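Asks: Contents of run-v6.csv (CSV, C-alpha atoms) are below:
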```
chain,number,residue,atom,x,y,z
A,1,MET,CA,6.7,27.8,19.4
A,2,ALA,CA,7.2,24.5,17.6
A,3,ASP,CA,4.5,22.9,19.8
A,4,ALA,CA,2.0,25.2,18.1
A,5,VAL,CA,2.7,23.8,14.7
A,6,PRO,CA,0.0,21.4,13.6
A,7,GLY,CA,1.2,17.8,13.7
A,8,TYR,CA,4.3,18.7,15.6
A,9,ARG,CA,5.6,16.1,18.0
A,10,ARG,CA,8.5,16.7,20.4
A,11,GLN,CA,11.3,14.2,19.8
A,12,PRO,CA,11.8,11.8,22.7
A,13,ALA,CA,15.0,12.7,24.6
A,14,HIS,CA,16.4,9.2,24.2
A,15,TYR,CA,16.5,9.6,20.4
A,16,SER,CA,19.8,11.4,20.9
A,17,ASP,CA,21.4,8.4,22.6
A,18,LEU,CA,22.6,5.5,20.5
A,19,ARG,CA,22.3,2.9,23.2
A,20,ALA,CA,18.8,4.1,24.2
A,21,VAL,CA,17.8,4.0,20.5
A,22,LEU,CA,18.9,0.4,20.3
A,23,ASP,CA,17.0,-0.5,23.4
A,24,ALA,CA,13.9,1.2,22.1
A,25,ALA,CA,14.1,-0.6,18.8
A,26,TRP,CA,14.2,-4.0,20.4
A,27,ASP,CA,11.4,-3.0,22.8
A,28,MET,CA,9.2,-2.0,20.0
A,29,MET,CA,9.8,-5.3,18.3
A,30,GLY,CA,8.8,-7.0,21.5
A,31,GLN,CA,5.6,-5.0,21.7
A,32,GLY,CA,4.9,-6.1,18.1
A,33,VAL,CA,4.8,-9.7,19.3
A,34,ARG,CA,2.6,-9.0,22.4
A,35,ASN,CA,0.2,-6.5,20.8
A,36,ARG,CA,-1.5,-7.3,17.5
A,37,ARG,CA,-2.5,-3.6,17.1
A,38,HIS,CA,1.1,-2.4,17.3
A,39,GLY,CA,2.6,-1.2,14.1
A,40,PHE,CA,5.4,-3.7,14.3
A,41,HIS,CA,3.0,-6.7,14.5
A,42,HIS,CA,3.0,-7.0,10.6
A,43,PRO,CA,6.5,-6.5,9.3
A,44,SER,CA,7.6,-7.2,5.7
A,45,VAL,CA,10.2,-9.8,4.9
A,46,GLY,CA,12.4,-9.6,1.8
A,47,THR,CA,14.1,-12.7,0.2
A,48,LEU,CA,16.3,-13.1,-2.8
A,49,THR,CA,15.4,-15.0,-6.0
A,50,PRO,CA,17.2,-15.5,-9.3
A,51,SER,CA,14.8,-13.0,-10.8
A,52,GLY,CA,15.1,-10.4,-8.1
A,53,PRO,CA,13.9,-9.6,-4.6
A,54,GLU,CA,10.5,-10.7,-3.2
A,55,VAL,CA,8.7,-9.0,-0.3
A,56,ARG,CA,5.7,-10.0,1.7
A,57,THR,CA,3.9,-9.2,5.0
A,58,VAL,CA,4.2,-11.7,7.8
A,59,ILE,CA,3.0,-11.7,11.5
A,60,LEU,CA,5.7,-11.3,14.1
A,61,ARG,CA,5.6,-14.2,16.5
A,62,GLY,CA,8.8,-14.0,18.5
A,63,VAL,CA,11.7,-11.7,19.5
A,64,ASP,CA,14.9,-12.7,21.3
A,65,ARG,CA,17.2,-9.8,21.8
A,66,GLY,CA,19.9,-11.9,23.4
A,67,GLY,CA,19.9,-14.2,20.4
A,68,ARG,CA,19.5,-11.3,18.0
A,69,THR,CA,16.5,-13.1,16.4
A,70,VAL,CA,13.0,-12.5,15.3
A,71,ARG,CA,10.5,-15.2,14.3
A,72,PHE,CA,7.5,-15.6,12.1
A,73,HIS,CA,5.6,-18.7,10.9
A,74,THR,CA,4.9,-19.9,7.4
A,75,ASP,CA,3.7,-22.8,5.3
A,76,THR,CA,6.5,-25.2,4.3
A,77,ARG,CA,5.1,-25.2,0.8
A,78,SER,CA,5.4,-21.4,0.4
A,79,HIS,CA,7.8,-19.9,-2.1
A,80,LYS,CA,9.7,-18.1,0.7
A,81,VAL,CA,10.8,-21.4,2.2
A,82,ALA,CA,12.4,-22.5,-1.1
A,83,GLU,CA,13.9,-19.0,-1.5
A,84,ILE,CA,15.5,-19.1,2.0
A,85,ALA,CA,16.9,-22.6,1.4
A,86,ALA,CA,18.6,-21.3,-1.8
A,87,ASP,CA,19.8,-18.1,-0.2
A,88,PRO,CA,19.3,-17.4,3.5
A,89,ARG,CA,20.1,-13.7,3.3
A,90,VAL,CA,17.0,-11.8,4.2
A,91,ALA,CA,15.8,-8.4,5.4
A,92,ILE,CA,12.8,-7.6,7.6
A,93,HIS,CA,11.1,-4.1,7.7
A,94,PHE,CA,9.0,-2.7,10.5
A,95,TYR,CA,7.2,0.6,10.6
A,96,ASP,CA,5.0,2.1,13.3
A,97,PRO,CA,3.0,5.1,11.9
A,98,ALA,CA,2.0,6.2,15.4
A,99,ALA,CA,5.6,6.5,16.6
A,100,LYS,CA,6.9,7.4,13.1
A,101,VAL,CA,9.7,4.8,13.6
A,102,GLN,CA,11.1,2.4,11.1
A,103,VAL,CA,13.4,-0.5,11.9
A,104,ARG,CA,15.2,-2.7,9.4
A,105,LEU,CA,17.0,-5.8,10.2
A,106,THR,CA,19.3,-7.7,7.9
A,107,GLY,CA,20.7,-11.2,8.5
A,108,THR,CA,20.2,-14.8,7.7
A,109,ALA,CA,17.1,-16.9,8.1
A,110,ARG,CA,16.6,-20.5,9.1
A,111,VAL,CA,13.5,-22.6,8.5
A,112,HIS,CA,12.5,-24.9,11.4
A,113,ALA,CA,10.0,-27.5,10.4
A,114,ASP,CA,10.9,-30.8,12.1
A,115,ASP,CA,12.5,-29.8,15.4
A,116,ALA,CA,11.7,-28.9,19.0
A,117,LEU,CA,11.5,-25.2,18.1
A,118,ALA,CA,8.8,-25.8,15.5
A,119,ASP,CA,7.0,-28.2,17.8
A,120,ALA,CA,6.9,-25.6,20.6
A,121,ALA,CA,5.8,-22.8,18.2
A,122,TRP,CA,3.0,-25.0,16.9
A,123,GLU,CA,1.8,-25.8,20.4
A,124,ASN,CA,1.6,-22.1,21.1
A,125,THR,CA,-0.3,-21.3,17.9
A,126,ALA,CA,-4.0,-20.5,18.3
A,127,VAL,CA,-6.4,-23.0,16.8
A,128,PHE,CA,-7.8,-20.2,14.6
A,129,SER,CA,-4.3,-19.5,13.2
A,130,ARG,CA,-3.6,-23.2,12.6
A,131,ARG,CA,-6.4,-23.3,10.0
A,132,CYS,CA,-4.0,-21.6,7.6
A,133,TYR,CA,-1.9,-24.7,7.4
A,134,LEU,CA,-4.9,-27.0,6.5
A,135,ALA,CA,-4.9,-25.7,2.9
A,136,VAL,CA,-5.2,-28.6,0.4
A,137,ASP,CA,-2.7,-26.9,-1.9
A,138,GLY,CA,0.3,-24.8,-1.1
A,139,PRO,CA,0.3,-20.9,-1.0
A,140,GLY,CA,0.4,-19.4,-4.5
A,141,THR,CA,-1.4,-22.3,-6.2
A,142,PRO,CA,-3.7,-21.0,-9.0
A,143,SER,CA,-7.5,-21.3,-8.3
A,144,ASP,CA,-10.5,-20.7,-10.4
A,145,VAL,CA,-12.4,-19.2,-7.5
A,146,PRO,CA,-11.6,-17.0,-4.5
A,147,THR,CA,-10.6,-19.4,-1.7
A,148,PRO,CA,-8.9,-19.5,1.7
A,149,GLY,CA,-7.4,-22.8,0.6
A,150,PHE,CA,-8.8,-25.1,3.2
A,151,LEU,CA,-11.9,-27.3,3.1
A,152,PRO,CA,-15.4,-25.7,3.8
A,153,GLN,CA,-15.7,-27.4,7.1
A,154,PHE,CA,-12.8,-25.4,8.5
A,155,GLU,CA,-14.3,-22.0,7.6
A,156,THR,CA,-16.5,-21.8,10.7
A,157,ASN,CA,-13.6,-21.4,13.2
A,158,GLU,CA,-15.2,-24.0,15.5
A,159,GLN,CA,-12.4,-26.6,15.3
A,160,THR,CA,-10.6,-28.2,18.2
A,161,ALA,CA,-6.9,-28.4,18.4
A,162,GLU,CA,-7.0,-32.0,17.5
A,163,GLU,CA,-8.9,-31.3,14.3
A,164,THR,CA,-6.2,-28.9,13.2
A,165,ASP,CA,-3.3,-31.3,13.9
A,166,ALA,CA,-3.1,-32.2,10.2
A,167,GLY,CA,-1.8,-28.7,9.6
A,168,ARG,CA,1.4,-29.5,11.6
A,169,ALA,CA,2.9,-31.2,8.5
A,170,HIS,CA,2.8,-27.9,6.6
A,171,PHE,CA,3.9,-25.6,9.5
A,172,ALA,CA,7.3,-24.0,9.9
A,173,ALA,CA,8.9,-21.4,12.1
A,174,VAL,CA,11.3,-19.0,10.4
A,175,VAL,CA,14.0,-17.5,12.6
A,176,ILE,CA,16.0,-14.5,11.4
A,177,GLU,CA,19.4,-13.8,13.1
A,178,ALA,CA,20.2,-10.2,12.7
A,179,VAL,CA,23.7,-8.8,11.9
A,180,ARG,CA,22.6,-5.3,11.2
A,181,LEU,CA,19.8,-3.0,12.6
A,182,GLU,CA,18.9,0.3,11.1
A,183,TRP,CA,16.6,2.7,12.9
A,184,LEU,CA,14.8,5.8,11.4
A,185,TYR,CA,12.6,8.4,13.2
A,186,ILE,CA,10.6,10.5,10.8
A,187,ALA,CA,9.8,14.1,11.7
A,188,PHE,CA,9.2,17.2,9.6
A,189,THR,CA,11.6,19.1,11.9
A,190,GLY,CA,14.4,16.7,10.8
A,191,HIS,CA,14.6,12.9,10.6
A,192,ARG,CA,17.0,10.9,12.9
A,193,ARG,CA,18.8,7.8,11.7
A,194,ALA,CA,21.2,5.3,13.2
A,195,ARG,CA,22.8,1.9,12.3
A,196,PHE,CA,24.0,-0.9,14.5
A,197,ASP,CA,26.3,-3.7,13.3
A,198,TRP,CA,27.0,-6.9,15.2
A,199,ASP,CA,30.8,-7.3,15.7
A,200,GLY,CA,30.6,-10.8,17.2
A,201,SER,CA,30.2,-9.7,20.8
A,202,ASP,CA,28.2,-6.5,20.8
A,203,TRP,CA,26.3,-4.0,18.7
A,204,GLN,CA,28.4,-1.1,17.3
A,205,GLY,CA,26.3,1.9,16.6
A,206,ARG,CA,26.7,5.1,14.6
A,207,TRP,CA,24.6,8.0,13.4
A,208,LEU,CA,23.7,8.3,9.8
A,209,VAL,CA,22.5,11.2,7.7
A,210,PRO,CA,18.8,10.3,7.1
```
Represent the structure contained in this file as structure tokens.
Replies:
Amino acid sequence: MADAVPGYRRQPAHYSDLRAVLDAAWDMMGQGVRNRRHGFHHPSVGTLTPSGPEVRTVILRGVDRGGRTVRFHTDTRSHKVAEIAADPRVAIHFYDPAAKVQVRLTGTARVHADDALADAAWENTAVFSRRCYLAVDGPGTPSDVPTPGFLPQFETNEQTAEETDAGRAHFAAVVIEAVRLEWLYIAFTGHRRARFDWDGSDWQGRWLVP
């Protein structure tokens, strides 16, 4: 009968199993790295400032379940880099409207700018994406006109890797190490919510009232 209700979607069987929910959450984050059309490809990252929280959208670039980490890239001149340096406690929020699943991670962030991890991340960054780090001024700098920030010759997307090397000086990889994962499945028949806390050796899960 429920299947006849418009918009009804049968809940996946594994959403009643805590360990399976945890597996599915990490799998969806992995899909967010590999598939730019996946809902988890553009999560929102929250940082803390003296005046309150700040939230912005980033692009998910890496996931390491074994290390409990997720990674995104940023400009070293961005406000979030200074905010993380002052207080590394962060949260990152994912939502996939197709699956109606939300995942929230909380933990600590570390900015990698001048190490092997940052070097490897830069080498694996597409030339098109490297242009973002060629901006003359840092993100958030006031401008009298609409601008991408970089010089006009970089607007054609015809650059070689060598021509974008100058952007390396402004590039950083931010790695978030999670200590808590919250999962939420949204359904008009009844939401489903779970929380997982890292105890130093494994994730300890429990169901929560949505």
Asks: For Tyr15 (chain A), which residue among A:Ala120, A:Ala194, A:Ala161, A:Val209 is the nearest when counting all atoms listed in the file?
Replies: A:Ala194
Asks: Mind pulling up the distance from CA of Ala85 (chain A) to CA of Gly52 (chain A)?
Replies: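 Computing the Euclidean distance for CA of Gly52 (chain A) and CA of Ala85 (chain A) yields 15.6 Å.
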Asks: Between A:Glu155, A:Glu177, A:Asp119, A:Asp96, which has the minimum distance to His42 (chain A) (counting all atoms listed in the file)?
Replies: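 Checking each of A:Glu155, A:Glu177, A:Asp119, A:Asp96 against His42 (chain A), counting all atoms listed in the file, the winner is A:Asp96.
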Asks: Would you please work out which residue, of A:Arg56, A:His79, A:His93, A:Arg71, is nearest to Gly39 (chain A) when using only C-alpha atoms?
Replies: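 Comparing A:Arg56, A:His79, A:His93, A:Arg71 against Gly39 (chain A), the winner is A:His93.
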Asks: Show me the residues close to (7.2, -6.8, 11.8) - anything with an atom within 6 Å, counting all atoms listed in the file - and format the list as a PyMOL selection string.
Replies: chain A and resi 40-43+60+94
